[in-house]
$ cat data21.cif   # mmCIF, C-alpha atoms; chains and numbers go by the auth columns
data_protein
loop_
_atom_site.group_PDB
_atom_site.id
_atom_site.type_symbol
_atom_site.label_atom_id
_atom_site.label_comp_id
_atom_site.label_asym_id
_atom_site.label_seq_id
_atom_site.Cartn_x
_atom_site.Cartn_y
_atom_site.Cartn_z
_atom_site.B_iso_or_equiv
_atom_site.auth_seq_id
_atom_site.auth_asym_id
ATOM 1 C CA MET A 1 -74.824 117.122 82.634 0.00 250 A
ATOM 2 C CA THR A 2 -73.289 119.197 79.848 0.00 251 A
ATOM 3 C CA ILE A 3 -69.774 120.392 79.508 0.00 252 A
ATOM 4 C CA GLN A 4 -69.486 124.057 78.766 0.00 253 A
ATOM 5 C CA THR A 5 -66.496 125.426 76.975 0.00 254 A
ATOM 6 C CA LEU A 6 -64.732 128.206 78.782 0.00 255 A
ATOM 7 C CA ARG A 7 -64.572 131.508 77.022 0.00 256 A
ATOM 8 C CA PRO A 8 -61.220 133.232 77.048 0.00 257 A
ATOM 9 C CA LEU A 9 -60.918 136.201 79.383 0.00 258 A
ATOM 10 C CA SER A 10 -61.211 139.635 77.854 0.00 259 A
ATOM 11 C CA PRO A 11 -58.003 141.696 77.747 0.00 260 A
ATOM 12 C CA THR A 12 -59.337 143.931 80.529 0.00 261 A
ATOM 13 C CA ALA A 13 -60.143 140.899 82.681 0.00 262 A
ATOM 14 C CA LEU A 14 -56.656 139.484 82.092 0.00 263 A
ATOM 15 C CA VAL A 15 -55.056 142.741 83.200 0.00 264 A
ATOM 16 C CA ARG A 16 -57.298 142.953 86.266 0.00 265 A
ATOM 17 C CA ALA A 17 -56.534 139.351 87.179 0.00 266 A
ATOM 18 C CA THR A 18 -52.765 139.628 86.837 0.00 267 A
ATOM 19 C CA ALA A 19 -52.112 143.162 88.144 0.00 268 A
ATOM 20 C CA PRO A 20 -52.180 142.003 91.800 0.00 269 A
ATOM 21 C CA ARG A 21 -49.463 139.439 91.000 0.00 270 A
ATOM 22 C CA LEU A 22 -47.210 142.178 89.645 0.00 271 A
ATOM 23 C CA ASP A 23 -48.011 144.417 92.584 0.00 272 A
ATOM 24 C CA ALA A 24 -47.159 141.618 95.037 0.00 273 A
ATOM 25 C CA MET A 25 -43.657 141.358 93.593 0.00 274 A
ATOM 26 C CA VAL A 26 -43.126 145.045 92.914 0.00 275 A
ATOM 27 C CA GLU A 27 -39.496 145.098 94.057 0.00 276 A
ATOM 28 C CA HIS A 28 -38.563 142.437 91.509 0.00 277 A
ATOM 29 C CA ALA A 29 -40.764 144.054 88.889 0.00 278 A
ATOM 30 C CA GLU A 30 -39.022 147.372 89.527 0.00 279 A
ATOM 31 C CA LEU A 31 -35.593 145.832 88.918 0.00 280 A
ATOM 32 C CA VAL A 32 -36.650 144.292 85.610 0.00 281 A
ATOM 33 C CA PHE A 33 -38.470 147.485 84.544 0.00 282 A
ATOM 34 C CA ALA A 34 -35.461 149.703 85.400 0.00 283 A
ATOM 35 C CA SER A 35 -33.038 147.349 83.642 0.00 284 A
ATOM 36 C CA SER A 36 -35.131 147.281 80.468 0.00 285 A
ATOM 37 C CA LEU A 37 -35.693 151.013 80.609 0.00 286 A
ATOM 38 C CA ASN A 38 -31.933 151.495 80.901 0.00 287 A
ATOM 39 C CA THR A 39 -31.522 149.471 77.707 0.00 288 A
ATOM 40 C CA TYR A 40 -34.158 151.389 75.742 0.00 289 A
ATOM 41 C CA ALA A 41 -33.587 154.909 77.099 0.00 290 A
ATOM 42 C CA PRO A 42 -30.554 155.260 79.369 0.00 291 A
ATOM 43 C CA ALA A 43 -31.157 159.005 79.730 0.00 292 A
ATOM 44 C CA LEU A 44 -34.477 158.307 81.482 0.00 293 A
ATOM 45 C CA VAL A 45 -32.775 156.391 84.269 0.00 294 A
ATOM 46 C CA ALA A 46 -29.536 158.356 84.474 0.00 295 A
ATOM 47 C CA GLY A 47 -28.561 159.782 87.837 0.00 296 A
ATOM 48 C CA ASP A 48 -31.019 159.483 90.688 0.00 297 A
ATOM 49 C CA ALA A 49 -33.949 158.123 88.716 0.00 298 A
ATOM 50 C CA LYS A 50 -34.919 155.320 91.125 0.00 299 A
ATOM 51 C CA THR A 51 -37.746 157.437 92.504 0.00 300 A
ATOM 52 C CA LEU A 52 -38.962 158.266 88.993 0.00 301 A
ATOM 53 C CA VAL A 53 -38.867 154.614 87.887 0.00 302 A
ATOM 54 C CA ARG A 54 -40.826 153.545 90.963 0.00 303 A
ATOM 55 C CA MET A 55 -43.340 156.379 90.470 0.00 304 A
ATOM 56 C CA VAL A 56 -44.000 155.329 86.862 0.00 305 A
ATOM 57 C CA LEU A 57 -44.258 151.643 87.766 0.00 306 A
ATOM 58 C CA ASP A 58 -46.521 152.232 90.776 0.00 307 A
ATOM 59 C CA THR A 59 -48.828 154.532 88.798 0.00 308 A
ATOM 60 C CA LEU A 60 -49.178 152.155 85.855 0.00 309 A
ATOM 61 C CA LEU A 61 -49.783 149.168 88.127 0.00 310 A
ATOM 62 C CA ALA A 62 -52.392 151.062 90.129 0.00 311 A
ATOM 63 C CA ALA A 63 -54.164 152.334 87.017 0.00 312 A
ATOM 64 C CA ALA A 64 -54.007 149.103 84.998 0.00 313 A
ATOM 65 C CA PRO A 65 -57.022 147.352 86.551 0.00 314 A
ATOM 66 C CA ALA A 66 -59.157 150.359 85.584 0.00 315 A
ATOM 67 C CA ALA A 67 -57.665 150.639 82.080 0.00 316 A
ATOM 68 C CA GLY A 68 -61.058 149.931 80.559 0.00 317 A
ATOM 69 C CA ARG A 69 -62.393 153.019 82.372 0.00 318 A
ATOM 70 C CA PRO A 70 -60.125 155.924 81.371 0.00 319 A
ATOM 71 C CA ASP A 71 -62.257 158.383 83.337 0.00 320 A
ATOM 72 C CA LEU A 72 -61.132 156.669 86.548 0.00 321 A
ATOM 73 C CA THR A 73 -57.444 156.890 85.786 0.00 322 A
ATOM 74 C CA ARG A 74 -57.097 160.107 83.817 0.00 323 A
ATOM 75 C CA GLU A 75 -56.348 162.391 86.762 0.00 324 A
ATOM 76 C CA VAL A 76 -53.577 160.162 88.114 0.00 325 A
ATOM 77 C CA LEU A 77 -52.071 159.598 84.679 0.00 326 A
ATOM 78 C CA VAL A 78 -52.152 163.290 83.772 0.00 327 A
ATOM 79 C CA GLY A 79 -50.398 164.178 87.031 0.00 328 A
ATOM 80 C CA LEU A 80 -47.597 161.729 86.264 0.00 329 A
ATOM 81 C CA ALA A 81 -47.381 162.897 82.640 0.00 330 A
ATOM 82 C CA LEU A 82 -46.968 166.514 83.691 0.00 331 A
ATOM 83 C CA HIS A 83 -44.301 165.482 86.179 0.00 332 A
ATOM 84 C CA LEU A 84 -42.425 163.535 83.483 0.00 333 A
ATOM 85 C CA ARG A 85 -42.613 166.480 81.105 0.00 334 A
ATOM 86 C CA GLY A 86 -41.327 168.703 83.905 0.00 335 A
ATOM 87 C CA VAL A 87 -38.229 166.543 84.290 0.00 336 A
ATOM 88 C CA GLY A 88 -37.619 166.696 80.540 0.00 337 A
ATOM 89 C CA MET A 89 -39.171 163.548 79.106 0.00 338 A
ATOM 90 C CA ALA A 90 -39.967 163.827 75.402 0.00 339 A
ATOM 91 C CA PRO A 91 -42.801 161.937 73.674 0.00 340 A
ATOM 92 C CA ARG A 92 -40.353 159.258 72.495 0.00 341 A
ATOM 93 C CA GLY A 93 -39.717 158.382 76.140 0.00 342 A
ATOM 94 C CA TYR A 94 -43.168 156.811 76.260 0.00 343 A
ATOM 95 C CA ILE A 95 -42.103 154.237 73.670 0.00 344 A
ATOM 96 C CA ALA A 96 -39.245 153.199 75.960 0.00 345 A
ATOM 97 C CA ILE A 97 -41.566 153.005 78.971 0.00 346 A
ATOM 98 C CA HIS A 98 -44.013 150.882 76.972 0.00 347 A
ATOM 99 C CA ALA A 99 -41.316 148.441 75.839 0.00 348 A
ATOM 100 C CA ALA A 100 -39.725 148.215 79.298 0.00 349 A
ATOM 101 C CA PHE A 101 -43.093 147.622 80.958 0.00 350 A
ATOM 102 C CA LEU A 102 -43.923 144.798 78.539 0.00 351 A
ATOM 103 C CA ASP A 103 -40.497 143.244 79.156 0.00 352 A
ATOM 104 C CA MET A 104 -41.272 143.334 82.873 0.00 353 A
ATOM 105 C CA VAL A 105 -44.695 141.742 82.342 0.00 354 A
ATOM 106 C CA ALA A 106 -43.180 138.930 80.261 0.00 355 A
ATOM 107 C CA ASP A 107 -40.415 138.384 82.813 0.00 356 A
ATOM 108 C CA ARG A 108 -42.728 138.333 85.817 0.00 357 A
ATOM 109 C CA LEU A 109 -45.894 136.740 84.374 0.00 358 A
ATOM 110 C CA GLY A 110 -44.688 134.712 81.404 0.00 359 A
ATOM 111 C CA SER A 111 -44.916 135.245 77.693 0.00 360 A
ATOM 112 C CA ASP A 112 -48.449 134.033 76.960 0.00 361 A
ATOM 113 C CA ALA A 113 -49.508 135.894 73.802 0.00 362 A
ATOM 114 C CA ALA A 114 -52.985 136.830 75.076 0.00 363 A
ATOM 115 C CA LEU A 115 -51.571 138.122 78.345 0.00 364 A
ATOM 116 C CA ILE A 116 -48.881 140.202 76.648 0.00 365 A
ATOM 117 C CA LYS A 117 -51.418 141.619 74.182 0.00 366 A
ATOM 118 C CA ALA A 118 -53.789 142.543 77.016 0.00 367 A
ATOM 119 C CA TRP A 119 -51.039 144.383 78.882 0.00 368 A
ATOM 120 C CA GLU A 120 -49.800 145.960 75.649 0.00 369 A
ATOM 121 C CA GLN A 121 -53.255 147.437 75.025 0.00 370 A
ATOM 122 C CA ALA A 122 -53.780 148.583 78.612 0.00 371 A
ATOM 123 C CA VAL A 123 -50.376 150.217 78.995 0.00 372 A
ATOM 124 C CA GLY A 124 -50.528 151.666 75.466 0.00 373 A
ATOM 125 C CA THR A 125 -53.856 153.322 76.255 0.00 374 A
ATOM 126 C CA MET A 126 -52.545 154.745 79.532 0.00 375 A
ATOM 127 C CA LEU A 127 -49.348 156.042 77.953 0.00 376 A
ATOM 128 C CA ALA A 128 -51.245 157.575 75.016 0.00 377 A
ATOM 129 C CA THR A 129 -53.436 159.418 77.535 0.00 378 A
ATOM 130 C CA MET A 130 -50.342 160.639 79.345 0.00 379 A
ATOM 131 C CA MET A 131 -48.578 161.705 76.166 0.00 380 A
ATOM 132 C CA ALA A 132 -51.593 163.638 74.920 0.00 381 A
ATOM 133 C CA ALA A 133 -51.925 165.424 78.270 0.00 382 A
ATOM 134 C CA ALA A 134 -48.257 166.355 78.501 0.00 383 A
ATOM 135 C CA HIS A 135 -47.381 167.011 74.867 0.00 384 A
ATOM 136 C CA GLY A 136 -50.627 167.881 73.116 0.00 385 A
ATOM 137 C CA PRO A 137 -53.429 165.906 71.536 0.00 386 A
ATOM 138 C CA ARG A 138 -51.536 165.062 68.343 0.00 387 A
ATOM 139 C CA SER A 139 -48.629 163.445 70.150 0.00 388 A
ATOM 140 C CA HIS A 140 -50.681 160.341 70.949 0.00 389 A
ATOM 141 C CA THR A 141 -50.819 159.431 67.269 0.00 390 A
ATOM 142 C CA MET A 142 -47.221 158.212 67.546 0.00 391 A
ATOM 143 C CA PRO A 143 -47.221 154.400 67.684 0.00 392 A
ATOM 144 C CA LEU A 144 -46.307 153.016 71.094 0.00 393 A
ATOM 145 C CA ALA A 145 -44.574 149.929 69.790 0.00 394 A
ATOM 146 C CA ALA A 146 -40.836 149.693 70.220 0.00 395 A
#
$ encode --input "data21.cif" --output "structure tokens"
Amino acid sequence: MTIQTLRPLSPTALVRATAPRLDAMVEHAELVFASSLNTYAPALVAGDAKTLVRMVLDTLLAAAPAAGRPDLTREVLVGLALHLRGVGMAPRGYIAIHAAFLDMVADRLGSDAALIKAWEQAVGTMLATMMAAAHGPRSHTMPLAA
């Protein structure tokens, strides 16, 4: 009998494996996401933004497992991006969403470097798609690191 070494999961596999855990605790995730978003971009969560915060969180969580297949998520992401643009979100708002989402992932799933990097790539790709759809193809060249 031989012992095989386990290969680490790919970033896409890590996101797919952990997305259901975030979805199962979405109320707690929403609180952490909204709190972080309030720190990074208070204007995004000013007033009655609870619905907007939940819409962003729900869309990203639903699209994350398919992040390796942008064709599957593009329509949903573009719809959200156009909605966000319609309520006045500028391209810089995506940086705040990215940072707040990663804070939420670390808070809810732990701070394992591979896990955070996997989510950083998945969410960065989704937000770049959204930014390009809402603000033009050159807007996605802005780095999505806070």
$ residues_around --input "data21.cif" --residues "A:Pro269" --least-positions-apart "4" --cutoff "12 Å" --atoms "only C-alpha atoms" --output "NGL selection string"
:A and (263-265 or 273-275 or 278 or 307 or 310-314 or 357-358)
$ residues_around --input "data21.cif" --residues "A:Leu333" --least-positions-apart "5" --cutoff "10 Å" --atoms "only C-alpha atoms" --output "list in words"
Leu293, Leu301, Val305, Val327, Gly328, Met338, Ala339, Pro340, Gly342, Tyr343, Met379, Met380 and Ala383 of chain A
$ residues_around --input "data21.cif" --residues "A:Lys299" --least-positions-apart "4" --cutoff "10 Å" --atoms "all atoms listed in the file" --output "list in words"
Glu279, Leu280, Ala283, Val294, Ala295, Arg303 and Met304 of chain A
$ closest_residue --input "data21.cif" --among "A:Ile346, A:Leu331, A:Ala315, A:Gly359" --to "A:Ala262" --atoms "only C-alpha atoms"
A:Ala315
$ resolve_selection --input "data21.cif" --expression "the PyMOL selection byres ((chain A and resi 366) around 12)" --output "list in words"
Ser259, Pro260, Thr261, Leu263, Val264, Leu351, Val354, Ala355, Ser360, Asp361, Ala362, Ala363, Leu364, Ile365, Ala367, Trp368, Glu369, Gln370, Ala371, Val372, Gly373 and Ala394 of chain A
$ write_last_selection --input "data21.cif" --atoms "C-alpha atoms" --output "short mmCIF file (atom, residue, chain, number, x, y, z; two decimals), in the frame of the given file"
data_model
loop_
_atom_site.label_atom_id
_atom_site.label_comp_id
_atom_site.auth_asym_id
_atom_site.auth_seq_id
_atom_site.Cartn_x
_atom_site.Cartn_y
_atom_site.Cartn_z
CA SER A 259 -61.21 139.64 77.85
CA PRO A 260 -58.00 141.70 77.75
CA THR A 261 -59.34 143.93 80.53
CA LEU A 263 -56.66 139.48 82.09
CA VAL A 264 -55.06 142.74 83.20
CA LEU A 351 -43.92 144.80 78.54
CA VAL A 354 -44.70 141.74 82.34
CA ALA A 355 -43.18 138.93 80.26
CA SER A 360 -44.92 135.24 77.69
CA ASP A 361 -48.45 134.03 76.96
CA ALA A 362 -49.51 135.89 73.80
CA ALA A 363 -52.98 136.83 75.08
CA LEU A 364 -51.57 138.12 78.34
CA ILE A 365 -48.88 140.20 76.65
CA ALA A 367 -53.79 142.54 77.02
CA TRP A 368 -51.04 144.38 78.88
CA GLU A 369 -49.80 145.96 75.65
CA GLN A 370 -53.26 147.44 75.03
CA ALA A 371 -53.78 148.58 78.61
CA VAL A 372 -50.38 150.22 79.00
CA GLY A 373 -50.53 151.67 75.47
CA ALA A 394 -44.57 149.93 69.79
#
$ closest_residue --input "data21.cif" --among "A:Ala292, A:Leu258, A:Ala268, A:Met375" --to "A:His347" --atoms "all atoms listed in the file"
A:Met375
$ atom_distance --input "data21.cif" --atom1 "atom CA of A:Leu286" --atom2 "atom CA of A:Leu306"
11.2 Å
$ atom_distance --input "data21.cif" --atom1 "atom CA of A:Phe282" --atom2 "atom CA of A:Met353"
5.3 Å
$ atom_distance --input "data21.cif" --atom1 "atom CA of A:Asp272" --atom2 "atom CA of A:Thr308"
10.8 Å
$ axis_aligned_box --input "data21.cif" --around "stretch 281-287 of chain A" --padding-each-side "8 Å" --output "AutoDock Vina command-line options"
--center_x -35.2 --center_y 147.9 --center_z 83.0 --size_x 22.5 --size_y 23.2 --size_z 21.1
$ closest_residue --input "data21.cif" --among "A:Thr378, A:Pro291, A:Arg341, A:Pro257" --to "A:Val325" --atoms "all atoms listed in the file"
A:Thr378
$ closest_residue --input "data21.cif" --among "A:Leu329, A:Pro386, A:Ala348, A:Val302" --to "A:Tyr289" --atoms "all atoms listed in the file"
A:Ala348
$ closest_residue --input "data21.cif" --among "A:Thr300, A:Ala266, A:Ala345, A:Ala382" --to "A:Glu324" --atoms "all atoms listed in the file"
A:Ala382
$ build_atoms --input "data21.cif" --residues "stretch 321-341 of chain A" --atoms "N, CA, C and O atoms" --output "compact mmCIF listing (two decimals), keeping the file's coordinate frame"
# COMPACT_ATOMS: atom_id res chain seq x y z
N LEU A 321 -61.59 156.94 85.19
CA LEU A 321 -61.13 156.67 86.55
C LEU A 321 -59.64 156.92 86.73
O LEU A 321 -59.18 157.19 87.83
N THR A 322 -58.89 156.80 85.67
CA THR A 322 -57.44 156.89 85.79
C THR A 322 -56.86 158.18 85.24
O THR A 322 -55.70 158.47 85.48
N ARG A 323 -57.63 158.94 84.51
CA ARG A 323 -57.10 160.11 83.82
C ARG A 323 -56.37 161.09 84.75
O ARG A 323 -55.27 161.53 84.44
N GLU A 324 -56.95 161.41 85.87
CA GLU A 324 -56.35 162.39 86.76
C GLU A 324 -54.96 161.94 87.25
O GLU A 324 -54.01 162.71 87.24
N VAL A 325 -54.86 160.69 87.64
CA VAL A 325 -53.58 160.16 88.11
C VAL A 325 -52.56 160.13 86.98
O VAL A 325 -51.40 160.53 87.16
N LEU A 326 -52.98 159.69 85.81
CA LEU A 326 -52.07 159.60 84.68
C LEU A 326 -51.60 160.98 84.22
O LEU A 326 -50.43 161.16 83.89
N VAL A 327 -52.51 161.94 84.19
CA VAL A 327 -52.15 163.29 83.77
C VAL A 327 -51.15 163.90 84.75
O VAL A 327 -50.17 164.53 84.34
N GLY A 328 -51.35 163.68 86.04
CA GLY A 328 -50.40 164.18 87.03
C GLY A 328 -49.01 163.63 86.80
O GLY A 328 -48.01 164.37 86.83
N LEU A 329 -48.90 162.34 86.54
CA LEU A 329 -47.60 161.73 86.26
C LEU A 329 -47.02 162.27 84.96
O LEU A 329 -45.83 162.57 84.87
N ALA A 330 -47.85 162.40 83.94
CA ALA A 330 -47.38 162.90 82.64
C ALA A 330 -46.80 164.30 82.76
O ALA A 330 -45.75 164.60 82.19
N LEU A 331 -47.47 165.15 83.51
CA LEU A 331 -46.97 166.51 83.69
C LEU A 331 -45.66 166.52 84.47
O LEU A 331 -44.76 167.30 84.18
N HIS A 332 -45.56 165.61 85.43
CA HIS A 332 -44.30 165.48 86.18
C HIS A 332 -43.17 165.03 85.24
O HIS A 332 -42.07 165.58 85.28
N LEU A 333 -43.44 164.04 84.41
CA LEU A 333 -42.42 163.54 83.48
C LEU A 333 -42.00 164.62 82.49
O LEU A 333 -40.81 164.76 82.19
N ARG A 334 -42.96 165.38 82.00
CA ARG A 334 -42.61 166.48 81.10
C ARG A 334 -41.75 167.50 81.84
O ARG A 334 -40.78 168.02 81.30
N GLY A 335 -42.08 167.75 83.10
CA GLY A 335 -41.33 168.70 83.90
C GLY A 335 -39.88 168.30 84.13
O GLY A 335 -39.01 169.15 84.28
N VAL A 336 -39.61 167.00 84.13
CA VAL A 336 -38.23 166.54 84.29
C VAL A 336 -37.56 166.29 82.94
O VAL A 336 -36.47 165.74 82.87
N GLY A 337 -38.24 166.71 81.86
CA GLY A 337 -37.62 166.70 80.54
C GLY A 337 -37.90 165.51 79.65
O GLY A 337 -37.22 165.32 78.64
N MET A 338 -38.90 164.70 79.96
CA MET A 338 -39.17 163.55 79.11
C MET A 338 -39.90 163.98 77.84
O MET A 338 -40.90 164.68 77.89
N ALA A 339 -39.37 163.55 76.71
CA ALA A 339 -39.97 163.83 75.40
C ALA A 339 -40.98 162.73 75.07
O ALA A 339 -40.98 161.67 75.69
N PRO A 340 -41.82 162.97 74.06
CA PRO A 340 -42.80 161.94 73.67
C PRO A 340 -42.18 160.58 73.37
O PRO A 340 -42.76 159.55 73.68
N ARG A 341 -40.99 160.54 72.80
CA ARG A 341 -40.35 159.26 72.50
C ARG A 341 -40.05 158.44 73.75
O ARG A 341 -39.91 157.23 73.69
